[in-house]
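> Following this line is data_17.cif, made up of mmCIF, C-alpha atoms:
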```cif
data_input
loop_
_atom_site.group_PDB
_atom_site.id
_atom_site.type_symbol
_atom_site.label_atom_id
_atom_site.label_comp_id
_atom_site.auth_asym_id
_atom_site.auth_seq_id
_atom_site.Cartn_x
_atom_site.Cartn_y
_atom_site.Cartn_z
ATOM 1 C CA PRO X 1 4.017 43.436 7.697
ATOM 2 C CA LYS X 2 4.536 42.819 3.981
ATOM 3 C CA MET X 3 7.779 43.343 2.148
ATOM 4 C CA GLU X 4 7.704 45.862 -0.648
ATOM 5 C CA ASN X 5 9.849 43.847 -2.969
ATOM 6 C CA GLY X 6 8.886 40.181 -3.382
ATOM 7 C CA SER X 7 12.175 39.377 -5.095
ATOM 8 C CA ASN X 8 14.125 40.258 -1.935
ATOM 9 C CA LEU X 9 11.991 37.800 -0.019
ATOM 10 C CA ARG X 10 12.570 35.147 -2.665
ATOM 11 C CA LEU X 11 16.346 35.743 -2.515
ATOM 12 C CA ALA X 12 16.312 35.513 1.267
ATOM 13 C CA VAL X 13 14.345 32.261 1.101
ATOM 14 C CA ASP X 14 16.614 30.790 -1.559
ATOM 15 C CA ASP X 15 19.725 31.747 0.427
ATOM 16 C CA ALA X 16 18.314 30.203 3.603
ATOM 17 C CA VAL X 17 17.388 27.034 1.745
ATOM 18 C CA SER X 18 20.676 26.681 -0.133
ATOM 19 C CA ASP X 19 22.570 26.840 3.176
ATOM 20 C CA THR X 20 20.645 23.837 4.524
ATOM 21 C CA SER X 21 20.064 21.846 1.337
ATOM 22 C CA ALA X 22 23.327 19.904 1.615
ATOM 23 C CA ILE X 23 22.522 18.946 5.190
ATOM 24 C CA MET X 24 18.948 17.927 4.427
ATOM 25 C CA ALA X 25 19.727 15.912 1.285
ATOM 26 C CA PRO X 26 18.631 12.297 1.775
ATOM 27 C CA PRO X 27 21.353 9.670 1.409
ATOM 28 C CA ASN X 28 20.840 7.438 -1.624
ATOM 29 C CA PRO X 29 17.298 8.607 -2.515
ATOM 30 C CA GLN X 30 14.940 6.281 -4.368
ATOM 31 C CA VAL X 31 13.021 9.001 -6.197
ATOM 32 C CA ILE X 32 14.399 12.500 -6.510
ATOM 33 C CA LEU X 33 13.326 15.655 -8.249
ATOM 34 C CA GLU X 34 15.307 16.882 -11.245
ATOM 35 C CA GLU X 35 15.086 20.417 -9.925
ATOM 36 C CA PRO X 36 13.994 21.294 -6.417
ATOM 37 C CA ALA X 37 10.508 22.733 -6.408
ATOM 38 C CA ARG X 38 11.484 25.403 -3.876
ATOM 39 C CA GLY X 39 9.186 28.345 -3.807
ATOM 40 C CA SER X 40 7.899 27.620 -7.265
ATOM 41 C CA GLY X 41 4.316 27.177 -6.192
ATOM 42 C CA ASP X 42 4.104 24.758 -9.098
ATOM 43 C CA GLU X 43 2.588 21.363 -8.847
ATOM 44 C CA ILE X 44 5.136 18.568 -8.741
ATOM 45 C CA SER X 45 4.672 16.530 -11.896
ATOM 46 C CA GLU X 46 5.938 13.177 -13.056
ATOM 47 C CA SER X 47 8.133 14.907 -15.644
ATOM 48 C CA LYS X 48 10.169 16.474 -12.808
ATOM 49 C CA ILE X 49 10.925 13.094 -11.229
ATOM 50 C CA VAL X 50 14.100 11.205 -12.022
ATOM 51 C CA SER X 51 13.414 7.546 -11.500
ATOM 52 C CA VAL X 52 16.141 5.771 -9.590
ATOM 53 C CA GLY X 53 14.114 2.895 -8.235
ATOM 54 C CA ALA X 54 10.766 1.369 -9.046
ATOM 55 C CA TRP X 55 8.799 4.586 -9.585
ATOM 56 C CA HIS X 56 7.397 3.494 -12.944
ATOM 57 C CA ALA X 57 6.457 0.079 -11.554
ATOM 58 C CA LEU X 58 3.997 1.702 -9.146
ATOM 59 C CA PRO X 59 0.317 1.699 -10.135
ATOM 60 C CA LYS X 60 -0.875 4.937 -11.719
ATOM 61 C CA ASP X 61 -3.219 5.791 -8.870
ATOM 62 C CA MET X 62 -0.400 5.375 -6.342
ATOM 63 C CA ARG X 63 1.905 7.605 -8.392
ATOM 64 C CA ALA X 64 -0.859 10.216 -8.660
ATOM 65 C CA TRP X 65 -1.382 10.061 -4.884
ATOM 66 C CA ALA X 66 2.374 10.434 -4.282
ATOM 67 C CA LEU X 67 2.577 13.423 -6.607
ATOM 68 C CA SER X 68 -0.436 15.177 -5.086
ATOM 69 C CA THR X 69 0.848 14.522 -1.566
ATOM 70 C CA ALA X 70 4.316 15.790 -2.510
ATOM 71 C CA THR X 71 2.780 18.924 -4.035
ATOM 72 C CA GLU X 72 0.723 19.530 -0.904
ATOM 73 C CA ILE X 73 3.746 19.064 1.365
ATOM 74 C CA ASN X 74 5.883 21.230 -0.903
ATOM 75 C CA ALA X 75 3.356 24.067 -0.715
ATOM 76 C CA PHE X 76 3.191 23.744 3.074
ATOM 77 C CA VAL X 77 6.987 23.794 3.403
ATOM 78 C CA ASP X 78 7.229 26.775 1.024
ATOM 79 C CA GLU X 79 4.745 28.682 3.150
ATOM 80 C CA LEU X 80 6.701 27.930 6.331
ATOM 81 C CA ARG X 81 9.965 28.782 4.605
ATOM 82 C CA GLU X 82 8.596 32.165 3.491
ATOM 83 C CA GLN X 83 7.340 32.921 6.998
ATOM 84 C CA ARG X 84 10.752 32.083 8.444
ATOM 85 C CA ALA X 85 12.592 34.131 5.826
ATOM 86 C CA PHE X 86 10.352 37.101 6.532
ATOM 87 C CA ALA X 87 10.991 36.752 10.270
ATOM 88 C CA GLU X 88 14.751 36.557 9.618
ATOM 89 C CA VAL X 89 14.649 39.661 7.415
ATOM 90 C CA THR X 90 12.850 41.684 10.105
ATOM 91 C CA LYS X 91 15.660 40.778 12.532
ATOM 92 C CA GLU X 92 13.162 40.325 15.374
ATOM 93 C CA SER X 93 14.062 37.253 17.446
ATOM 94 C CA ALA X 94 10.575 37.206 18.978
ATOM 95 C CA ASP X 95 9.052 37.021 15.477
ATOM 96 C CA LEU X 96 11.460 34.250 14.500
ATOM 97 C CA ASP X 97 10.725 32.281 17.678
ATOM 98 C CA MET X 98 6.984 32.707 17.180
ATOM 99 C CA THR X 99 7.286 31.659 13.533
ATOM 100 C CA LEU X 100 9.256 28.550 14.462
ATOM 101 C CA GLU X 101 6.790 27.645 17.222
ATOM 102 C CA ASN X 102 3.879 28.095 14.816
ATOM 103 C CA ALA X 103 5.637 25.927 12.250
ATOM 104 C CA GLU X 104 6.284 23.233 14.842
ATOM 105 C CA SER X 105 2.682 23.232 16.030
ATOM 106 C CA SER X 106 1.426 23.144 12.416
ATOM 107 C CA ILE X 107 3.626 20.151 11.671
ATOM 108 C CA LYS X 108 2.470 18.350 14.834
ATOM 109 C CA GLN X 109 -1.156 19.107 13.987
ATOM 110 C CA LYS X 110 -0.747 17.734 10.462
ATOM 111 C CA LYS X 111 1.016 14.650 11.852
ATOM 112 C CA ASN X 112 -1.833 13.979 14.296
ATOM 113 C CA GLN X 113 -4.427 14.542 11.577
ATOM 114 C CA ARG X 114 -2.692 12.082 9.232
ATOM 115 C CA ARG X 115 -2.310 9.561 12.045
ATOM 116 C CA SER X 116 -6.043 9.703 12.838
ATOM 117 C CA GLU X 117 -6.893 9.364 9.126
ATOM 118 C CA ALA X 118 -4.589 6.352 8.869
ATOM 119 C CA THR X 119 -6.171 4.806 11.961
ATOM 120 C CA LEU X 120 -9.648 5.202 10.452
ATOM 121 C CA VAL X 121 -8.533 3.616 7.181
ATOM 122 C CA LYS X 122 -6.906 0.742 9.079
ATOM 123 C CA MET X 123 -10.039 0.140 11.134
ATOM 124 C CA ASP X 124 -12.155 0.181 7.974
ATOM 125 C CA LEU X 125 -9.836 -2.317 6.310
ATOM 126 C CA GLU X 126 -9.888 -4.586 9.329
ATOM 127 C CA LYS X 127 -13.647 -4.356 9.601
ATOM 128 C CA ASN X 128 -14.590 -4.896 5.966
ATOM 129 C CA GLU X 129 -11.692 -6.462 4.114
ATOM 130 C CA LEU X 130 -10.680 -8.905 6.842
ATOM 131 C CA ARG X 131 -14.293 -10.010 7.203
ATOM 132 C CA LYS X 132 -14.390 -10.745 3.477
ATOM 133 C CA LEU X 133 -11.115 -12.642 3.697
ATOM 134 C CA ARG X 134 -12.439 -14.718 6.627
ATOM 135 C CA GLU X 135 -15.548 -15.585 4.611
ATOM 136 C CA ILE X 136 -13.407 -16.632 1.652
ATOM 137 C CA HIS X 137 -11.172 -18.699 3.931
ATOM 138 C CA GLN X 138 -14.198 -20.405 5.471
ATOM 139 C CA ASP X 139 -15.572 -21.180 1.991
ATOM 140 C CA GLN X 140 -12.208 -22.655 1.003
ATOM 141 C CA GLU X 141 -12.145 -24.834 4.117
ATOM 142 C CA SER X 142 -15.678 -26.069 3.381
ATOM 143 C CA LEU X 143 -14.732 -26.818 -0.198
ATOM 144 C CA ALA X 144 -11.582 -28.672 0.885
ATOM 145 C CA TRP X 145 -13.642 -30.766 3.341
ATOM 146 C CA TYR X 146 -16.197 -31.575 0.619
ATOM 147 C CA ILE X 147 -13.443 -32.590 -1.817
ATOM 148 C CA MET X 148 -11.811 -34.863 0.782
ATOM 149 C CA LYS X 149 -15.185 -36.488 1.536
ATOM 150 C CA ARG X 150 -15.854 -37.080 -2.168
ATOM 151 C CA GLU X 151 -12.349 -38.541 -2.644
ATOM 152 C CA ALA X 152 -12.961 -40.965 0.251
ATOM 153 C CA GLU X 153 -16.292 -42.007 -1.318
ATOM 154 C CA LEU X 154 -14.571 -42.482 -4.688
ATOM 155 C CA LYS X 155 -11.883 -44.647 -3.116
ATOM 156 C CA LYS X 156 -14.572 -46.827 -1.452
ATOM 157 C CA LEU X 157 -16.425 -47.180 -4.743
ATOM 158 C CA GLU X 158 -13.208 -48.160 -6.545
ATOM 159 C CA GLN X 159 -12.498 -50.821 -3.907
ATOM 160 C CA THR X 160 -16.064 -52.144 -4.223
ATOM 161 C CA LYS X 161 -15.677 -52.221 -8.011
ATOM 162 C CA GLU X 162 -12.425 -54.191 -7.725
ATOM 163 C CA GLN X 163 -14.049 -56.709 -5.345
ATOM 164 C CA LYS X 164 -17.035 -57.168 -7.667
ATOM 165 C CA GLN X 165 -14.755 -57.519 -10.702
ATOM 166 C CA THR X 166 -12.743 -60.148 -8.841
ATOM 167 C CA ARG X 167 -15.969 -62.083 -8.022
ATOM 168 C CA ILE X 168 -17.150 -61.851 -11.633
ATOM 169 C CA ASP X 169 -13.790 -63.148 -12.880
ATOM 170 C CA GLN X 170 -13.986 -66.033 -10.394
ATOM 171 C CA MET X 171 -17.551 -66.880 -11.487
ATOM 172 C CA VAL X 172 -16.557 -66.810 -15.171
ATOM 173 C CA LEU X 173 -13.597 -69.060 -14.425
ATOM 174 C CA ALA X 174 -15.834 -71.446 -12.444
ATOM 175 C CA ALA X 175 -18.407 -71.494 -15.257
ATOM 176 C CA ARG X 176 -15.679 -72.292 -17.838
ATOM 177 C CA SER X 177 -14.352 -75.114 -15.700
ATOM 178 C CA LEU X 178 -17.890 -76.547 -15.403
ATOM 179 C CA ILE X 179 -18.416 -76.284 -19.138
ATOM 180 C CA SER X 180 -15.053 -77.818 -19.935
ATOM 181 C CA ALA X 181 -15.645 -80.639 -17.397
ATOM 182 C CA GLU X 182 -18.943 -81.576 -19.108
ATOM 183 C CA SER X 183 -17.528 -81.722 -22.538
#
```
What does the file become when written as structure tokens?


Amino acid sequence: PKMENGSNLRLAVDDAVSDTSAIMAPPNPQVILEEPARGSGDEISESKIVSVGAWHALPKDMRAWALSTATEINAFVDELREQRAFAEVTKESADLDMTLENAESSIKQKKNQRRSEATLVKMDLEKNELRKLREIHQDQESLAWYIMKREAELKKLEQTKEQKQTRIDQMVLAARSLISAES
């Protein structure tokens, strides 16, 4: 059944929300809305956010995702809030119980859906990104081994050079002593 006057429904929703808003307020929030987006149906925008923490340090795509997710959740909560307010206005406890059960099952369903999506993303990351990281790590190990081998060869060559230089110096000294002994 629909209510004739939408403003009465809005007042009932606002009253129900204002009674619980103090209880539901998060302690020391990092990002809060300037004005609650209750029942507005509007999209939550960055202009409505008061930055308390590192909101502006987030990448743009992450902020856009957060805003779209918040808007989606806000619309879902508004819908549930309107259903509850309507059930409260009709004064039927069976309707209220059914509305609350439906809301609970909807929330559980959304939670399970998000969990399965997150699991798929995690598996994809592990499959693709970790494989790439392992390949990079293996390349780095190979490069480190090659560098160590080349450094060992260089050290050998430097030692050989020093030995040969020492022999040359000894031969020059011996040649000078022979020349000076003859003269």

> For atom CA of X:Pro59 and atom CA of X:Glu129, determine how far apart the two atoms are, in Å to one decimal place.

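So the answer is 20.3 Å.
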
> How many Å separate atom CA of X:Leu80 from atom CA of X:Lys110?

13.3 Å

> When you count all atoms listed in the file, which of these residues is closest to X:Ala103: X:Val77, X:Leu120, X:Ile147, X:Leu157?

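Selected residue with least distance to X:Ala103: X:Val77.
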
> Carefully work through the PyMOL selection byres ((chain X and resi 83) around 10) for this structure and note down the residues it includes, as a VMD selection string.

chain X and resid 9 13 77 to 82 84 to 89 95 to 96 99 to 100 102 to 103

> To one decimal place in Å, what is the distance between atom CA of X:Thr71 and atom CA of X:Ser47?

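Answer for the atom CA of X:Thr71 to atom CA of X:Ser47 separation: 13.4 Å.
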
> Restricting the calculation to all atoms listed in the file, which member of X:Glu92, X:Ile44, X:Thr69, X:Lys161 is positioned closest to X:Arg114?

X:Thr69
